[in-house]
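**Student:** Let me give you the structure first, and then I'll get to my questions.
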Amino acid sequence: MNLQQLEYIVAVDKYKSFSRAAETCFITQATLSTMVKKLEEELNLVIFDRKTNPIITTDLGKSVIEEAKKVLYHSHTLKGLSSQLSGKIEGELRVGVIPTVAGNLLYRILPQLLKKHPHLKLSIHEITTNNIVAQLKRGELDVGILSTPLPTKELEEEILYYEKLMVYGQIKQRNTQYESPKDLVNEKVWLLEPGNCLTDQIINVCSLHSKQLNANLHFSPSTFDSLLNIVDSMQGLTLIPELYYKDLPANRKKNVRNFEAPYPVREISMVYHRPYAKSRLIDALTKEIKHIISPLLQTTQLKSNEMMIAAM
């Protein structure tokens, strides 16, 4: 029995397919099948029912998989221990980032981060909040960058920055000033797809009720670009985060308005489950994000009582 065999059975259990598991492990399907079969023979039990499609993990196999995950976790911990003790920033960090953050954050931090720490290997996945939380708990990700606070106490959160939520739309009266997000309750407000954390935050902070904006149109965009295009063409308003605003062209920035204090903001945090083995890597990433992003945001100059954190 060896660690590679344990990695193979965990992969097969995850993907329910020998071919898909082989692809992710960068080996041939024949090699993976042979190694798994040898492990089953050594343990004298059947881990996978190969007669089904997708493959099913047997009851005994599930117990083996759980123990294999524990062994692999401790193996990764030991591998990172030498770097941890020597103070080096090296090794792999698996990072999940929500889509509404990734597009305006990653290009700002990655060049400097990788130049400063050339031995740091980042594996970045742009996925939803629910998937990040689930993968952190399963040990498939080391850290997540997402909007907080989360409705769970199982994960640790370290705040990276706050960014304002700003009104976007072709406002008829150029001097219109919305004092509070709740001033939008009777406006035509377009939102990203249901389940998106920013959508939930906007609904909460603006006290919006679910309503169909057009009798013959149901539209649930998944990106800011699609959202703003529909706002431009069909009128109405939406809310955008501050970093996204900074990347807008000048003609679109003219359609943005600030609220009055206390400003609605979203809280972006570094979230992790078991950081011990990779705490130095997580700390390095956290420090770099704060160093680069904080000076760009208006919220850096605000006091806590001048901000209202949007709940999810």
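A note on labels: chains of the structure tokens are A, B, ... as shown, every chain counts residues from 1, and ligands are counted from 1 in their shown order.
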Val167 of chain A: which residues within 10 Å, counting only C-alpha atoms, same-chain residues fewer than 3 positions away excluded, as a list of chain:residue names?
**Tutor:** A:Lys164, A:Gln170, A:Ile171, A:Gln177, A:Tyr178, A:Pro181, A:Leu184, A:Val189, A:Leu237, A:Thr238, A:Leu239, A:Ile240, A:Pro241, A:Tyr245, A:Asn255, A:Val256, A:Arg257, A:Asn258, A:Phe259
**Student:** Please produce a file of those selected residues containing N, CA and C atoms, as a PDB file, in the first residue's frame.
**Tutor:**
```pdb
ATOM      1  N   LYS A 164     -17.572  49.148  -1.351  1.00  0.00           N
ATOM      2  CA  LYS A 164     -18.890  49.747  -1.437  1.00  0.00           C
ATOM      3  C   LYS A 164     -19.763  49.040  -2.473  1.00  0.00           C
ATOM      4  N   GLN A 170     -29.127  54.326 -15.738  1.00  0.00           N
ATOM      5  CA  GLN A 170     -29.309  55.618 -16.388  1.00  0.00           C
ATOM      6  C   GLN A 170     -30.382  56.403 -15.627  1.00  0.00           C
ATOM      7  N   ILE A 171     -29.936  57.065 -14.572  1.00  0.00           N
ATOM      8  CA  ILE A 171     -30.840  57.806 -13.702  1.00  0.00           C
ATOM      9  C   ILE A 171     -31.327  59.059 -14.424  1.00  0.00           C
ATOM     10  N   GLN A 177     -29.959  61.573  -5.735  1.00  0.00           N
ATOM     11  CA  GLN A 177     -29.063  60.983  -4.746  1.00  0.00           C
ATOM     12  C   GLN A 177     -29.877  60.044  -3.857  1.00  0.00           C
ATOM     13  N   TYR A 178     -29.508  58.776  -3.906  1.00  0.00           N
ATOM     14  CA  TYR A 178     -30.195  57.811  -3.049  1.00  0.00           C
ATOM     15  C   TYR A 178     -29.523  57.824  -1.681  1.00  0.00           C
ATOM     16  N   PRO A 181     -30.006  52.350   0.587  1.00  0.00           N
ATOM     17  CA  PRO A 181     -30.397  51.294  -0.360  1.00  0.00           C
ATOM     18  C   PRO A 181     -31.903  51.040  -0.373  1.00  0.00           C
ATOM     19  N   LEU A 184     -34.429  52.198  -3.026  1.00  0.00           N
ATOM     20  CA  LEU A 184     -34.601  51.493  -4.298  1.00  0.00           C
ATOM     21  C   LEU A 184     -35.771  50.522  -4.283  1.00  0.00           C
ATOM     22  N   VAL A 189     -35.149  47.044 -10.230  1.00  0.00           N
ATOM     23  CA  VAL A 189     -33.783  46.624  -9.893  1.00  0.00           C
ATOM     24  C   VAL A 189     -33.491  45.256 -10.508  1.00  0.00           C
ATOM     25  N   LEU A 237     -32.176  49.749 -12.641  1.00  0.00           N
ATOM     26  CA  LEU A 237     -30.966  49.932 -11.848  1.00  0.00           C
ATOM     27  C   LEU A 237     -30.424  48.581 -11.392  1.00  0.00           C
ATOM     28  N   THR A 238     -29.195  48.586 -10.929  1.00  0.00           N
ATOM     29  CA  THR A 238     -28.629  47.442 -10.239  1.00  0.00           C
ATOM     30  C   THR A 238     -27.557  47.967  -9.283  1.00  0.00           C
ATOM     31  N   LEU A 239     -26.975  47.083  -8.497  1.00  0.00           N
ATOM     32  CA  LEU A 239     -25.881  47.458  -7.599  1.00  0.00           C
ATOM     33  C   LEU A 239     -24.620  46.720  -8.021  1.00  0.00           C
ATOM     34  N   ILE A 240     -23.497  47.421  -8.005  1.00  0.00           N
ATOM     35  CA  ILE A 240     -22.221  46.810  -8.369  1.00  0.00           C
ATOM     36  C   ILE A 240     -21.199  47.072  -7.258  1.00  0.00           C
ATOM     37  N   PRO A 241     -20.236  46.159  -7.068  1.00  0.00           N
ATOM     38  CA  PRO A 241     -19.196  46.374  -6.060  1.00  0.00           C
ATOM     39  C   PRO A 241     -18.123  47.338  -6.561  1.00  0.00           C
ATOM     40  N   TYR A 245     -16.549  48.589 -10.292  1.00  0.00           N
ATOM     41  CA  TYR A 245     -16.718  49.978 -10.739  1.00  0.00           C
ATOM     42  C   TYR A 245     -15.394  50.545 -11.252  1.00  0.00           C
ATOM     43  N   ASN A 255     -22.764  56.519 -15.107  1.00  0.00           N
ATOM     44  CA  ASN A 255     -24.071  56.011 -14.691  1.00  0.00           C
ATOM     45  C   ASN A 255     -24.058  55.455 -13.269  1.00  0.00           C
ATOM     46  N   VAL A 256     -23.006  55.731 -12.515  1.00  0.00           N
ATOM     47  CA  VAL A 256     -22.861  55.180 -11.166  1.00  0.00           C
ATOM     48  C   VAL A 256     -23.072  56.266 -10.122  1.00  0.00           C
ATOM     49  N   ARG A 257     -23.791  55.908  -9.061  1.00  0.00           N
ATOM     50  CA  ARG A 257     -24.042  56.821  -7.950  1.00  0.00           C
ATOM     51  C   ARG A 257     -23.679  56.137  -6.632  1.00  0.00           C
ATOM     52  N   ASN A 258     -23.158  56.921  -5.709  1.00  0.00           N
ATOM     53  CA  ASN A 258     -22.907  56.447  -4.351  1.00  0.00           C
ATOM     54  C   ASN A 258     -24.154  56.638  -3.497  1.00  0.00           C
ATOM     55  N   PHE A 259     -24.302  55.820  -2.474  1.00  0.00           N
ATOM     56  CA  PHE A 259     -25.287  56.090  -1.444  1.00  0.00           C
ATOM     57  C   PHE A 259     -24.673  57.089  -0.458  1.00  0.00           C
TER      58      PHE A 259
END
```
**Student:** At a cut-off of 12 Å, using only C-alpha atoms, what residues contact Arg266 of chain A? Leave out same-chain residues fewer than 3 positions from it and give the result as JSON, numbers by chain.
**Tutor:** {"A": [100, 101, 146, 147, 148, 149, 159, 160, 161, 162, 163, 164, 165, 166, 197, 198, 199, 200, 201, 202, 204, 205, 239, 240, 241, 242, 243, 263, 269, 299, 307, 308, 309, 310, 311, 312]}
**Student:** Between atom CA of Glu140 of chain A and atom CA of Leu6 of chain A, what is the distance, to one decimal in Å?
**Tutor:**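 Between atom CA of Glu140 of chain A and atom CA of Leu6 of chain A the gap is 14.5 Å.
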**Student:** In segment 71-228 of chain A, what's strand (DSSP E or B) per DSSP? Answer as an MDAnalysis selection string?
**Tutor:** chainID A and resid 91:97 120:126 143:148 156:169 189 214 217
**Student:** Please identify all polymer residues within 9 Å of segment 68-73 of chain A, counting only C-alpha atoms, omitting same-chain residues fewer than 2 positions from it, and present them as a VMD selection string.
**Tutor:** chain A and resid 3 6 to 7 9 to 10 63 to 66 75 to 78 138 to 139
**Student:** Could you save the residues just selected, with C-alpha atoms, as a compact mmCIF listing (two decimals), in the first residue's frame?
**Tutor:**
```txt
# COMPACT_ATOMS: atom_id res chain seq x y z
CA LEU A 3 0.03 7.07 -0.92
CA LEU A 6 -4.87 6.13 -1.71
CA GLU A 7 -4.97 9.16 -4.01
CA ILE A 9 -9.21 5.50 -4.80
CA VAL A 10 -10.15 8.96 -3.48
CA SER A 63 -14.91 3.42 5.25
CA VAL A 64 -11.62 2.88 3.42
CA ILE A 65 -12.05 6.17 1.52
CA GLU A 66 -12.63 8.13 4.74
CA SER A 75 0.77 13.40 4.47
CA HIS A 76 0.24 16.85 2.97
CA THR A 77 0.73 18.36 6.42
CA LEU A 78 4.10 16.63 6.80
CA ARG A 138 -13.68 18.02 2.47
CA GLY A 139 -10.07 19.21 2.30
```
**Student:** Measuring atom to atom with only C-alpha atoms, identify which of A:Ala22, A:Val97, A:Ile132, A:Ile109 is nearest to Ala284 of chain A.
**Tutor:**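 Smallest distance to Ala284 of chain A is found for A:Ile109.
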**Student:** Per DSSP on the backbone, filter segment 117-277 of chain A down to the residues in alpha helix (DSSP H) and report them as an MDAnalysis selection string.
**Tutor:** chainID A and resid 129:138 197:206 224:234 242:246 250:253
**Student:** One decimal, in Å: what's the spacing between atom CA of Leu45 of chain A and atom CA of Gly61 of chain A?
**Tutor:**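 Going from atom CA of Leu45 of chain A over to atom CA of Gly61 of chain A covers 7.9 Å.
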**Student:** Taking into account only C-alpha atoms, which residue in the set A:Met35, A:His125, A:Tyr15, A:Glu92 is nearest to Leu106 of chain A?
**Tutor:**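 Among the listed residues, the smallest separation from Leu106 of chain A belongs to A:His125.
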**Student:** From the list A:Glu193, A:Leu43, A:Ile56, A:Pro262, which residue is nearest Phe18 of chain A when using only C-alpha atoms?
**Tutor:**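 Selected residue with least distance to Phe18 of chain A: A:Ile56.
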**Student:** Quote the spacing between atom CA of Ser123 of chain A and atom CA of Asp142 of chain A in Å to one decimal place.
**Tutor:**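 Taking atom CA of Ser123 of chain A as the start and atom CA of Asp142 of chain A as the end point, the length is 9.9 Å.
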**Student:** Pick out the residues sitting within 7 Å of Tyr8 of chain A, and hand them over as a list in words; count only C-alpha atoms, and ignore anything fewer than 4 positions along from it in its own chain.
**Tutor:**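 Listed by chain and then number, they are Gln4, Val12, Leu32 and Val36 of chain A.
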**Student:** Could the residues in this selection be written to a file with N, CA, C and O atoms, as a compact mmCIF listing (two decimals), in the first residue's frame?
**Tutor:**
```
# COMPACT_ATOMS: atom_id res chain seq x y z
N GLN A 4 0.07 6.86 -3.35
CA GLN A 4 -0.50 7.00 -4.69
C GLN A 4 -1.79 6.19 -4.82
O GLN A 4 -2.78 6.67 -5.38
N VAL A 12 -11.29 8.12 -7.71
CA VAL A 12 -12.36 7.30 -8.29
C VAL A 12 -13.67 7.52 -7.53
O VAL A 12 -14.74 7.65 -8.12
N LEU A 32 -4.14 3.00 -13.39
CA LEU A 32 -4.96 3.30 -12.21
C LEU A 32 -5.78 2.07 -11.80
O LEU A 32 -5.86 1.73 -10.61
N VAL A 36 -5.52 0.15 -8.16
CA VAL A 36 -6.69 0.03 -7.29
C VAL A 36 -6.98 -1.43 -7.00
O VAL A 36 -7.29 -1.81 -5.86
```
**Student:** Just want the 10 Å neighbourhood of Pro118 of chain A, counted on only C-alpha atoms, with same-chain residues fewer than 5 positions away dropped. Output as a list of chain:residue names.
**Tutor:** A:Ile89, A:Glu90, A:Gln112, A:Leu113
**Student:** Write out the residues from the selection above, keeping all heavy atoms, as a CSV table (one decimal), in the first residue's frame.
**Tutor:**
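selection-v3.csv written:
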```csv
chain,number,residue,atom,x,y,z
A,89,ILE,N,8.3,30.5,1.6
A,89,ILE,CA,7.0,30.5,1.0
A,89,ILE,C,7.1,29.7,-0.3
A,89,ILE,O,7.4,30.2,-1.4
A,89,ILE,CB,6.5,32.0,0.6
A,89,ILE,CG1,6.6,32.9,1.9
A,89,ILE,CG2,5.2,32.0,0.0
A,89,ILE,CD1,5.6,32.4,3.0
A,90,GLU,N,6.8,28.4,-0.1
A,90,GLU,CA,6.8,27.5,-1.3
A,90,GLU,C,5.8,26.4,-1.1
A,90,GLU,O,5.3,26.2,0.0
A,90,GLU,CB,8.2,26.9,-1.4
A,90,GLU,CG,8.7,26.2,-0.2
A,90,GLU,CD,10.1,25.6,-0.4
A,90,GLU,OE1,10.9,26.2,-1.2
A,90,GLU,OE2,10.5,24.7,0.3
A,112,GLN,N,2.2,40.3,-9.0
A,112,GLN,CA,3.1,40.7,-7.9
A,112,GLN,C,3.3,39.5,-7.0
A,112,GLN,O,4.4,39.3,-6.5
A,112,GLN,CB,2.5,41.8,-7.1
A,112,GLN,CG,2.4,43.1,-8.0
A,112,GLN,CD,1.9,44.3,-7.1
A,112,GLN,OE1,2.4,44.5,-6.0
A,112,GLN,NE2,1.0,45.1,-7.7
A,113,LEU,N,2.3,38.7,-6.7
A,113,LEU,CA,2.4,37.6,-5.7
A,113,LEU,C,3.3,36.6,-6.3
A,113,LEU,O,4.2,36.1,-5.5
A,113,LEU,CB,1.0,37.0,-5.5
A,113,LEU,CG,0.9,35.9,-4.5
A,113,LEU,CD1,1.2,36.4,-3.1
A,113,LEU,CD2,-0.4,35.2,-4.5
```
**Student:** What's around Ile282 of chain A at 12 Å? Count only C-alpha atoms, leave out sequence neighbours fewer than 5 positions away in its own chain, and write the answer as a PyMOL selection string.
**Tutor:** chain A and resi 84+89-95+113+120+122+141-145+157-158+160+269-277+287-289
**Student:** Okay, now the selection with N, CA and C atoms, as a compact mmCIF listing (two decimals), in the first residue's frame?
**Tutor:**
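Saved result, result29.txt, follows:
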```
# COMPACT_ATOMS: atom_id res chain seq x y z
N GLN A 84 7.34 25.22 6.41
CA GLN A 84 6.79 25.98 7.53
C GLN A 84 7.89 26.32 8.53
N ILE A 89 8.27 30.51 1.62
CA ILE A 89 6.96 30.54 0.99
C ILE A 89 7.06 29.70 -0.28
N GLU A 90 6.77 28.43 -0.13
CA GLU A 90 6.84 27.52 -1.26
C GLU A 90 5.83 26.40 -1.06
N GLY A 91 5.50 25.73 -2.15
CA GLY A 91 4.50 24.67 -2.09
C GLY A 91 3.25 25.08 -2.83
N GLU A 92 2.24 24.23 -2.77
CA GLU A 92 1.00 24.46 -3.51
C GLU A 92 -0.12 24.95 -2.59
N LEU A 93 -0.89 25.91 -3.07
CA LEU A 93 -2.05 26.42 -2.34
C LEU A 93 -3.26 26.34 -3.27
N ARG A 94 -4.26 25.59 -2.83
CA ARG A 94 -5.49 25.42 -3.63
C ARG A 94 -6.51 26.46 -3.17
N VAL A 95 -6.90 27.33 -4.10
CA VAL A 95 -7.71 28.50 -3.75
C VAL A 95 -9.02 28.49 -4.53
N LEU A 113 2.26 38.74 -6.67
CA LEU A 113 2.38 37.62 -5.73
C LEU A 113 3.35 36.56 -6.25
N LEU A 120 6.03 29.54 -5.00
CA LEU A 120 4.64 29.31 -4.61
C LEU A 120 3.85 28.88 -5.84
N LEU A 122 0.11 28.18 -7.24
CA LEU A 122 -1.30 28.43 -6.95
C LEU A 122 -2.18 27.63 -7.91
N LEU A 141 -9.93 22.05 -1.00
CA LEU A 141 -9.37 23.40 -1.13
C LEU A 141 -8.68 23.76 0.17
N ASP A 142 -7.65 24.59 0.08
CA ASP A 142 -6.96 25.06 1.28
C ASP A 142 -7.58 26.35 1.81
N VAL A 143 -8.09 27.17 0.88
CA VAL A 143 -8.59 28.48 1.29
C VAL A 143 -9.59 28.97 0.26
N GLY A 144 -10.52 29.82 0.71
CA GLY A 144 -11.48 30.43 -0.19
C GLY A 144 -11.46 31.94 -0.05
N ILE A 145 -11.75 32.64 -1.13
CA ILE A 145 -11.91 34.09 -1.09
C ILE A 145 -13.34 34.37 -1.49
N GLU A 157 -12.59 32.94 9.37
CA GLU A 157 -12.67 34.04 8.42
C GLU A 157 -11.69 35.15 8.81
N GLU A 158 -10.94 35.62 7.84
CA GLU A 158 -10.08 36.78 8.06
C GLU A 158 -10.42 37.84 7.00
N LEU A 160 -10.39 40.61 4.39
CA LEU A 160 -9.40 41.17 3.48
C LEU A 160 -9.68 42.65 3.20
N SER A 269 -13.51 38.12 2.50
CA SER A 269 -12.62 37.50 3.48
C SER A 269 -11.88 36.29 2.92
N MET A 270 -10.78 35.98 3.60
CA MET A 270 -10.06 34.74 3.38
C MET A 270 -10.68 33.73 4.34
N VAL A 271 -11.13 32.60 3.82
CA VAL A 271 -11.83 31.61 4.63
C VAL A 271 -11.10 30.28 4.53
N TYR A 272 -10.92 29.61 5.67
CA TYR A 272 -10.21 28.33 5.66
C TYR A 272 -10.74 27.44 6.78
N HIS A 273 -10.43 26.16 6.65
CA HIS A 273 -10.91 25.17 7.62
C HIS A 273 -9.79 24.70 8.53
N ARG A 274 -8.75 24.13 7.93
CA ARG A 274 -7.61 23.65 8.70
C ARG A 274 -6.35 24.26 8.10
N PRO A 275 -5.94 25.42 8.57
CA PRO A 275 -4.84 26.14 7.93
C PRO A 275 -3.45 25.75 8.40
N TYR A 276 -3.37 24.85 9.37
CA TYR A 276 -2.10 24.65 10.08
C TYR A 276 -0.94 24.30 9.17
N ALA A 277 -1.18 23.39 8.22
CA ALA A 277 -0.08 22.95 7.36
C ALA A 277 0.36 24.03 6.39
N LYS A 287 -1.70 38.81 3.11
CA LYS A 287 -0.93 40.05 3.22
C LYS A 287 -0.82 40.76 1.88
N GLU A 288 -0.61 40.00 0.80
CA GLU A 288 -0.46 40.59 -0.52
C GLU A 288 -1.77 41.24 -0.99
N ILE A 289 -2.88 40.55 -0.75
CA ILE A 289 -4.18 41.10 -1.15
C ILE A 289 -4.46 42.40 -0.42
```
